[in-house]
file model-v5.pdb (PDB, C-alpha atoms, pLDDT in the B column)
ATOM      1  CA  MET A   1       3.886  11.247  -3.156  1.00 51.00           C
ATOM      2  CA  SER A   2       3.997   8.420  -0.643  1.00 64.00           C
ATOM      3  CA  GLU A   3       5.537   5.093  -1.565  1.00 83.00           C
ATOM      4  CA  LEU A   4       2.237   3.288  -0.985  1.00 87.00           C
ATOM      5  CA  ALA A   5       0.096   5.796  -2.912  1.00 87.00           C
ATOM      6  CA  THR A   6       1.000   4.045  -6.161  1.00 89.00           C
ATOM      7  CA  TYR A   7       1.674   0.546  -4.790  1.00 89.00           C
ATOM      8  CA  THR A   8      -1.790  -0.747  -5.730  1.00 92.00           C
ATOM      9  CA  GLN A   9      -4.883   0.766  -7.316  1.00 94.00           C
ATOM     10  CA  ILE A  10      -7.196  -1.337  -5.117  1.00 95.00           C
ATOM     11  CA  GLY A  11      -9.531   1.135  -3.462  1.00 96.00           C
ATOM     12  CA  ARG A  12      -9.724   3.128  -6.660  1.00 95.00           C
ATOM     13  CA  GLU A  13     -10.396   0.087  -8.841  1.00 95.00           C
ATOM     14  CA  PRO A  14     -11.936  -2.037  -7.662  1.00 96.00           C
ATOM     15  CA  ASP A  15     -13.732   0.080  -5.085  1.00 97.00           C
ATOM     16  CA  ALA A  16     -16.459  -0.987  -2.633  1.00 97.00           C
ATOM     17  CA  ASP A  17     -19.230  -0.417  -5.198  1.00 97.00           C
ATOM     18  CA  THR A  18     -17.462  -2.612  -7.754  1.00 97.00           C
ATOM     19  CA  ILE A  19     -17.076  -5.362  -5.144  1.00 98.00           C
ATOM     20  CA  ARG A  20     -20.785  -5.097  -4.263  1.00 97.00           C
ATOM     21  CA  GLN A  21     -21.715  -5.454  -7.951  1.00 97.00           C
ATOM     22  CA  GLN A  22     -19.421  -8.454  -8.418  1.00 97.00           C
ATOM     23  CA  PHE A  23     -20.893 -10.213  -5.373  1.00 96.00           C
ATOM     24  CA  ALA A  24     -24.447  -9.501  -6.520  1.00 95.00           C
ATOM     25  CA  ALA A  25     -23.643 -11.021  -9.922  1.00 96.00           C
ATOM     26  CA  ALA A  26     -21.987 -14.130  -8.397  1.00 95.00           C
ATOM     27  CA  LYS A  27     -25.050 -16.143  -7.397  1.00 89.00           C
ATOM     28  CA  GLY A  28     -24.574 -18.573  -4.526  1.00 91.00           C
ATOM     29  CA  TRP A  29     -21.793 -18.988  -2.007  1.00 91.00           C
ATOM     30  CA  GLU A  30     -19.733 -21.338  -4.219  1.00 94.00           C
ATOM     31  CA  ASN A  31     -19.502 -18.670  -6.948  1.00 96.00           C
ATOM     32  CA  GLN A  32     -18.813 -15.970  -4.376  1.00 95.00           C
ATOM     33  CA  TYR A  33     -16.038 -18.078  -2.830  1.00 94.00           C
ATOM     34  CA  ARG A  34     -14.468 -18.431  -6.291  1.00 96.00           C
ATOM     35  CA  LEU A  35     -14.833 -14.667  -6.716  1.00 97.00           C
ATOM     36  CA  ILE A  36     -12.948 -14.053  -3.457  1.00 96.00           C
ATOM     37  CA  ILE A  37     -10.073 -16.244  -4.697  1.00 96.00           C
ATOM     38  CA  GLN A  38     -10.090 -14.399  -8.058  1.00 97.00           C
ATOM     39  CA  LEU A  39     -10.062 -11.002  -6.342  1.00 97.00           C
ATOM     40  CA  GLY A  40      -6.851 -11.901  -4.519  1.00 96.00           C
ATOM     41  CA  LYS A  41      -4.898 -12.814  -7.655  1.00 95.00           C
ATOM     42  CA  PRO A  42      -3.956  -9.257  -8.765  1.00 93.00           C
ATOM     43  CA  LEU A  43      -2.993  -8.213  -5.210  1.00 95.00           C
ATOM     44  CA  PRO A  44       0.713  -7.339  -5.326  1.00 94.00           C
ATOM     45  CA  THR A  45       2.999  -9.587  -3.303  1.00 93.00           C
ATOM     46  CA  LEU A  46       4.404  -7.681  -0.366  1.00 93.00           C
ATOM     47  CA  PRO A  47       8.167  -7.152  -0.658  1.00 93.00           C
ATOM     48  CA  ALA A  48      10.141  -9.265   1.829  1.00 93.00           C
ATOM     49  CA  GLU A  49      11.440  -6.145   3.603  1.00 94.00           C
ATOM     50  CA  TRP A  50       7.842  -5.209   4.487  1.00 94.00           C
ATOM     51  CA  GLN A  51       7.058  -8.678   5.854  1.00 94.00           C
ATOM     52  CA  THR A  52       8.285  -7.762   9.311  1.00 95.00           C
ATOM     53  CA  GLU A  53       6.995  -8.564  12.772  1.00 94.00           C
ATOM     54  CA  GLU A  54       6.015  -4.897  13.107  1.00 94.00           C
ATOM     55  CA  ASN A  55       3.744  -5.206  10.040  1.00 95.00           C
ATOM     56  CA  ARG A  56       2.419  -8.663  10.936  1.00 94.00           C
ATOM     57  CA  LEU A  57      -1.333  -8.757  11.541  1.00 91.00           C
ATOM     58  CA  LYS A  58      -2.329 -10.278  14.854  1.00 84.00           C
ATOM     59  CA  GLY A  59      -5.571 -12.261  14.917  1.00 76.00           C
ATOM     60  CA  CYS A  60      -5.110 -13.887  11.529  1.00 71.00           C
ATOM     61  CA  GLU A  61      -4.687 -17.661  11.473  1.00 75.00           C
ATOM     62  CA  SER A  62      -2.524 -17.416   8.362  1.00 86.00           C
ATOM     63  CA  GLN A  63       0.476 -15.142   7.899  1.00 91.00           C
ATOM     64  CA  ALA A  64      -0.633 -11.619   6.954  1.00 93.00           C
ATOM     65  CA  TRP A  65       1.069  -8.221   6.918  1.00 96.00           C
ATOM     66  CA  LEU A  66      -0.151  -4.639   6.640  1.00 96.00           C
ATOM     67  CA  LYS A  67       1.913  -1.553   5.895  1.00 96.00           C
ATOM     68  CA  GLY A  68       0.258   1.851   5.866  1.00 95.00           C
ATOM     69  CA  GLU A  69       1.244   5.459   5.440  1.00 95.00           C
ATOM     70  CA  LYS A  70      -0.472   8.799   5.142  1.00 95.00           C
ATOM     71  CA  SER A  71       0.376  11.016   2.182  1.00 93.00           C
ATOM     72  CA  GLU A  72       0.498  14.793   1.890  1.00 91.00           C
ATOM     73  CA  ASP A  73      -3.146  14.873   0.741  1.00 90.00           C
ATOM     74  CA  ASP A  74      -4.205  13.284   4.085  1.00 93.00           C
ATOM     75  CA  CYS A  75      -5.177  10.020   2.414  1.00 96.00           C
ATOM     76  CA  TRP A  76      -4.069   6.702   3.843  1.00 97.00           C
ATOM     77  CA  HIS A  77      -2.486   4.131   1.552  1.00 97.00           C
ATOM     78  CA  PHE A  78      -2.054   0.488   2.466  1.00 97.00           C
ATOM     79  CA  ALA A  79      -0.170  -2.562   1.268  1.00 96.00           C
ATOM     80  CA  CYS A  80      -1.398  -5.861   2.642  1.00 96.00           C
ATOM     81  CA  ASP A  81      -0.635  -9.474   1.824  1.00 96.00           C
ATOM     82  CA  SER A  82      -1.103 -12.998   3.112  1.00 95.00           C
ATOM     83  CA  ASP A  83       0.211 -16.473   2.428  1.00 92.00           C
ATOM     84  CA  ALA A  84      -3.381 -17.773   2.076  1.00 91.00           C
ATOM     85  CA  ARG A  85      -5.330 -17.349  -1.187  1.00 92.00           C
ATOM     86  CA  ILE A  86      -8.693 -16.790   0.494  1.00 92.00           C
ATOM     87  CA  VAL A  87      -7.199 -14.183   2.837  1.00 92.00           C
ATOM     88  CA  ARG A  88      -5.669 -12.355  -0.132  1.00 95.00           C
ATOM     89  CA  GLY A  89      -9.176 -12.076  -1.610  1.00 96.00           C
ATOM     90  CA  LEU A  90     -10.596 -10.854   1.700  1.00 95.00           C
ATOM     91  CA  ILE A  91      -7.803  -8.269   1.846  1.00 96.00           C
ATOM     92  CA  VAL A  92      -8.884  -6.936  -1.554  1.00 97.00           C
ATOM     93  CA  ILE A  93     -12.484  -6.651  -0.295  1.00 97.00           C
ATOM     94  CA  VAL A  94     -11.289  -4.580   2.682  1.00 97.00           C
ATOM     95  CA  LEU A  95      -8.828  -2.463   0.669  1.00 98.00           C
ATOM     96  CA  ALA A  96     -11.518  -1.756  -1.940  1.00 98.00           C
ATOM     97  CA  ALA A  97     -13.454   0.022   0.809  1.00 98.00           C
ATOM     98  CA  LEU A  98     -10.646   1.649   2.818  1.00 98.00           C
ATOM     99  CA  ASN A  99      -7.517   2.167   0.706  1.00 97.00           C
ATOM    100  CA  HIS A 100      -6.630   5.649  -0.614  1.00 97.00           C
ATOM    101  CA  LYS A 101      -9.125   7.311   1.749  1.00 97.00           C
ATOM    102  CA  THR A 102      -8.879   9.930   4.485  1.00 97.00           C
ATOM    103  CA  ALA A 103      -8.903   8.859   8.126  1.00 97.00           C
ATOM    104  CA  GLU A 104     -12.410  10.294   8.451  1.00 97.00           C
ATOM    105  CA  ALA A 105     -13.687   8.206   5.533  1.00 97.00           C
ATOM    106  CA  ILE A 106     -11.969   5.065   6.861  1.00 98.00           C
ATOM    107  CA  LEU A 107     -13.444   5.469  10.330  1.00 97.00           C
ATOM    108  CA  ALA A 108     -16.918   6.372   9.008  1.00 97.00           C
ATOM    109  CA  PHE A 109     -17.239   3.478   6.533  1.00 97.00           C
ATOM    110  CA  ASP A 110     -19.845   0.923   7.695  1.00 96.00           C
ATOM    111  CA  MET A 111     -17.772  -2.255   7.469  1.00 94.00           C
ATOM    112  CA  ASP A 112     -20.370  -4.386   9.269  1.00 91.00           C
ATOM    113  CA  GLY A 113     -23.021  -3.306   6.765  1.00 94.00           C
ATOM    114  CA  TYR A 114     -20.616  -3.893   3.860  1.00 96.00           C
ATOM    115  CA  PHE A 115     -19.731  -7.402   5.052  1.00 94.00           C
ATOM    116  CA  ALA A 116     -23.401  -8.198   5.714  1.00 92.00           C
ATOM    117  CA  GLU A 117     -24.355  -6.986   2.235  1.00 93.00           C
ATOM    118  CA  LEU A 118     -21.704  -9.276   0.739  1.00 94.00           C
ATOM    119  CA  GLY A 119     -22.832 -12.172   2.968  1.00 89.00           C
ATOM    120  CA  LEU A 120     -19.317 -12.789   4.252  1.00 87.00           C
ATOM    121  CA  GLU A 121     -19.978 -13.206   7.968  1.00 80.00           C
ATOM    122  CA  LYS A 122     -22.514 -16.009   7.525  1.00 83.00           C
ATOM    123  CA  HIS A 123     -20.222 -18.056   5.256  1.00 85.00           C
ATOM    124  CA  LEU A 124     -16.762 -17.549   6.725  1.00 84.00           C
ATOM    125  CA  SER A 125     -15.405 -19.756   9.472  1.00 82.00           C
ATOM    126  CA  PRO A 126     -15.022 -18.011  12.846  1.00 80.00           C
ATOM    127  CA  SER A 127     -11.232 -17.851  12.400  1.00 81.00           C
ATOM    128  CA  ARG A 128     -11.569 -16.260   8.923  1.00 83.00           C
ATOM    129  CA  GLY A 129     -14.136 -13.806  10.314  1.00 84.00           C
ATOM    130  CA  ASN A 130     -11.713 -12.897  13.108  1.00 83.00           C
ATOM    131  CA  GLY A 131      -8.927 -12.416  10.572  1.00 84.00           C
ATOM    132  CA  LEU A 132     -11.167 -10.184   8.464  1.00 88.00           C
ATOM    133  CA  ARG A 133     -11.961  -8.034  11.501  1.00 89.00           C
ATOM    134  CA  ALA A 134      -8.247  -7.952  12.426  1.00 90.00           C
ATOM    135  CA  ILE A 135      -7.419  -6.414   9.033  1.00 93.00           C
ATOM    136  CA  VAL A 136     -10.110  -3.744   9.450  1.00 95.00           C
ATOM    137  CA  LEU A 137      -9.041  -2.965  13.032  1.00 94.00           C
ATOM    138  CA  ALA A 138      -5.382  -2.657  12.038  1.00 95.00           C
ATOM    139  CA  ILE A 139      -6.260  -0.219   9.231  1.00 97.00           C
ATOM    140  CA  ARG A 140      -8.506   1.827  11.517  1.00 97.00           C
ATOM    141  CA  ASP A 141      -5.850   1.852  14.254  1.00 95.00           C
ATOM    142  CA  GLN A 142      -3.279   3.274  11.843  1.00 94.00           C
ATOM    143  CA  ALA A 143      -5.718   5.835  10.434  1.00 94.00           C
ATOM    144  CA  SER A 144      -6.775   7.048  13.885  1.00 91.00           C
ATOM    145  CA  VAL A 145      -3.238   8.010  14.950  1.00 78.00           C
TER     146      VAL A 145
END
call {"tool": "encode", "arguments": {"input": "model-v5.pdb", "output": "structure tokens"}}
result
Amino acid sequence: MSELATYTQIGREPDADTIRQQFAAAKGWENQYRLIIQLGKPLPTLPAEWQTEENRLKGCESQAWLKGEKSEDDCWHFACDSDARIVRGLIVIVLAALNHKTAEAILAFDMDGYFAELGLEKHLSPSRGNGLRAIVLAIRDQASV
């Protein structure tokens, strides 16, 4: 089993459907913003040895890192972290949809539709939106190798 396969359960629980339900229940952007912060709290802190320049996400205003690996079952597993609380929550939203999935599932998932359904794009600053897209692109780049 790969080292990252058991690093975090995000992607199994919560998954994209759970995130959708939580956002639907959190009425209004203020409650949804609080939800994003709450979602980031259980995200494991990335070990210092994984916080390398090679794993650093480009396009994020804050510091963020992504480590991924494919396991024997052809599923991709990711560890991601940031020094910003809001970004940690956004990471969980992305990992809920893409972690522990095959490359085909990662590449086929409609991230734009998912983000639109959650209302993220209309409420995030342009730099946060760019950072969110950078996380998705980095995951898809790794999965498409």
call {"tool": "residues_near_point", "arguments": {"input": "model-v5.pdb", "point": "(1.1, -7.9, 5.6)", "cutoff": "12 Å", "atoms": "only C-alpha atoms", "output": "ChimeraX atom specification"}}
result
/A:43-58,60,62-68,78-84,87-88,91,134-135,138-139
call {"tool": "write_last_selection", "arguments": {"input": "model-v5.pdb", "atoms": "C-alpha atoms", "output": "short mmCIF file (atom, residue, chain, number, x, y, z; two decimals), keeping the file's coordinate frame"}}
result
data_model
loop_
_atom_site.label_atom_id
_atom_site.label_comp_id
_atom_site.auth_asym_id
_atom_site.auth_seq_id
_atom_site.Cartn_x
_atom_site.Cartn_y
_atom_site.Cartn_z
CA LEU A 43 -2.99 -8.21 -5.21
CA PRO A 44 0.71 -7.34 -5.33
CA THR A 45 3.00 -9.59 -3.30
CA LEU A 46 4.40 -7.68 -0.37
CA PRO A 47 8.17 -7.15 -0.66
CA ALA A 48 10.14 -9.26 1.83
CA GLU A 49 11.44 -6.14 3.60
CA TRP A 50 7.84 -5.21 4.49
CA GLN A 51 7.06 -8.68 5.85
CA THR A 52 8.28 -7.76 9.31
CA GLU A 53 7.00 -8.56 12.77
CA GLU A 54 6.02 -4.90 13.11
CA ASN A 55 3.74 -5.21 10.04
CA ARG A 56 2.42 -8.66 10.94
CA LEU A 57 -1.33 -8.76 11.54
CA LYS A 58 -2.33 -10.28 14.85
CA CYS A 60 -5.11 -13.89 11.53
CA SER A 62 -2.52 -17.42 8.36
CA GLN A 63 0.48 -15.14 7.90
CA ALA A 64 -0.63 -11.62 6.95
CA TRP A 65 1.07 -8.22 6.92
CA LEU A 66 -0.15 -4.64 6.64
CA LYS A 67 1.91 -1.55 5.90
CA GLY A 68 0.26 1.85 5.87
CA PHE A 78 -2.05 0.49 2.47
CA ALA A 79 -0.17 -2.56 1.27
CA CYS A 80 -1.40 -5.86 2.64
CA ASP A 81 -0.64 -9.47 1.82
CA SER A 82 -1.10 -13.00 3.11
CA ASP A 83 0.21 -16.47 2.43
CA ALA A 84 -3.38 -17.77 2.08
CA VAL A 87 -7.20 -14.18 2.84
CA ARG A 88 -5.67 -12.36 -0.13
CA ILE A 91 -7.80 -8.27 1.85
CA ALA A 134 -8.25 -7.95 12.43
CA ILE A 135 -7.42 -6.41 9.03
CA ALA A 138 -5.38 -2.66 12.04
CA ILE A 139 -6.26 -0.22 9.23
#
call {"tool": "atom_distance", "arguments": {"input": "model-v5.pdb", "atom1": "atom CA of A:Val145", "atom2": "atom CA of A:Leu4"}}
result
17.5 Å
call {"tool": "resolve_selection", "arguments": {"input": "model-v5.pdb", "expression": "the PyMOL selection byres ((chain A and resi 133) around 12)", "output": "VMD selection string"}}
result
chain A and resid 57 to 60 87 90 to 91 93 to 94 111 to 112 115 120 to 121 124 126 to 132 134 to 141
call {"tool": "closest_residue", "arguments": {"input": "model-v5.pdb", "among": "A:Arg85, A:Lys27, A:His77, A:Lys122", "to": "A:Gly11", "atoms": "all atoms listed in the file"}}
result
A:His77
call {"tool": "closest_residue", "arguments": {"input": "model-v5.pdb", "among": "A:Ala116, A:Asp110, A:Leu95, A:Lys70", "to": "A:Gln142", "atoms": "only C-alpha atoms"}}
result
A:Lys70
call {"tool": "axis_aligned_box", "arguments": {"input": "model-v5.pdb", "around": "stretch 92-109 of chain A", "padding_each_side": "3 Å", "output": "JSON"}}
result
{"center_x": -11.9, "center_y": 1.7, "center_z": 4.2, "size_x": 16.6, "size_y": 23.2, "size_z": 18.3}
call {"tool": "resolve_selection", "arguments": {"input": "model-v5.pdb", "expression": "the PyMOL selection byres ((chain A and resi 104) around 10)", "output": "list in words"}}
result
Asp74, Cys75, Lys101, Thr102, Ala103, Ala105, Ile106, Leu107, Ala108, Phe109, Arg140, Ala143 and Ser144 of chain A
call {"tool": "atom_distance", "arguments": {"input": "model-v5.pdb", "atom1": "atom CA of A:Ile36", "atom2": "atom CA of A:Ile19"}}
result
9.8 Å
call {"tool": "closest_residue", "arguments": {"input": "model-v5.pdb", "among": "A:His123, A:Ile10, A:His100, A:Pro42", "to": "A:Glu30", "atoms": "all atoms listed in the file"}}
result
A:His123
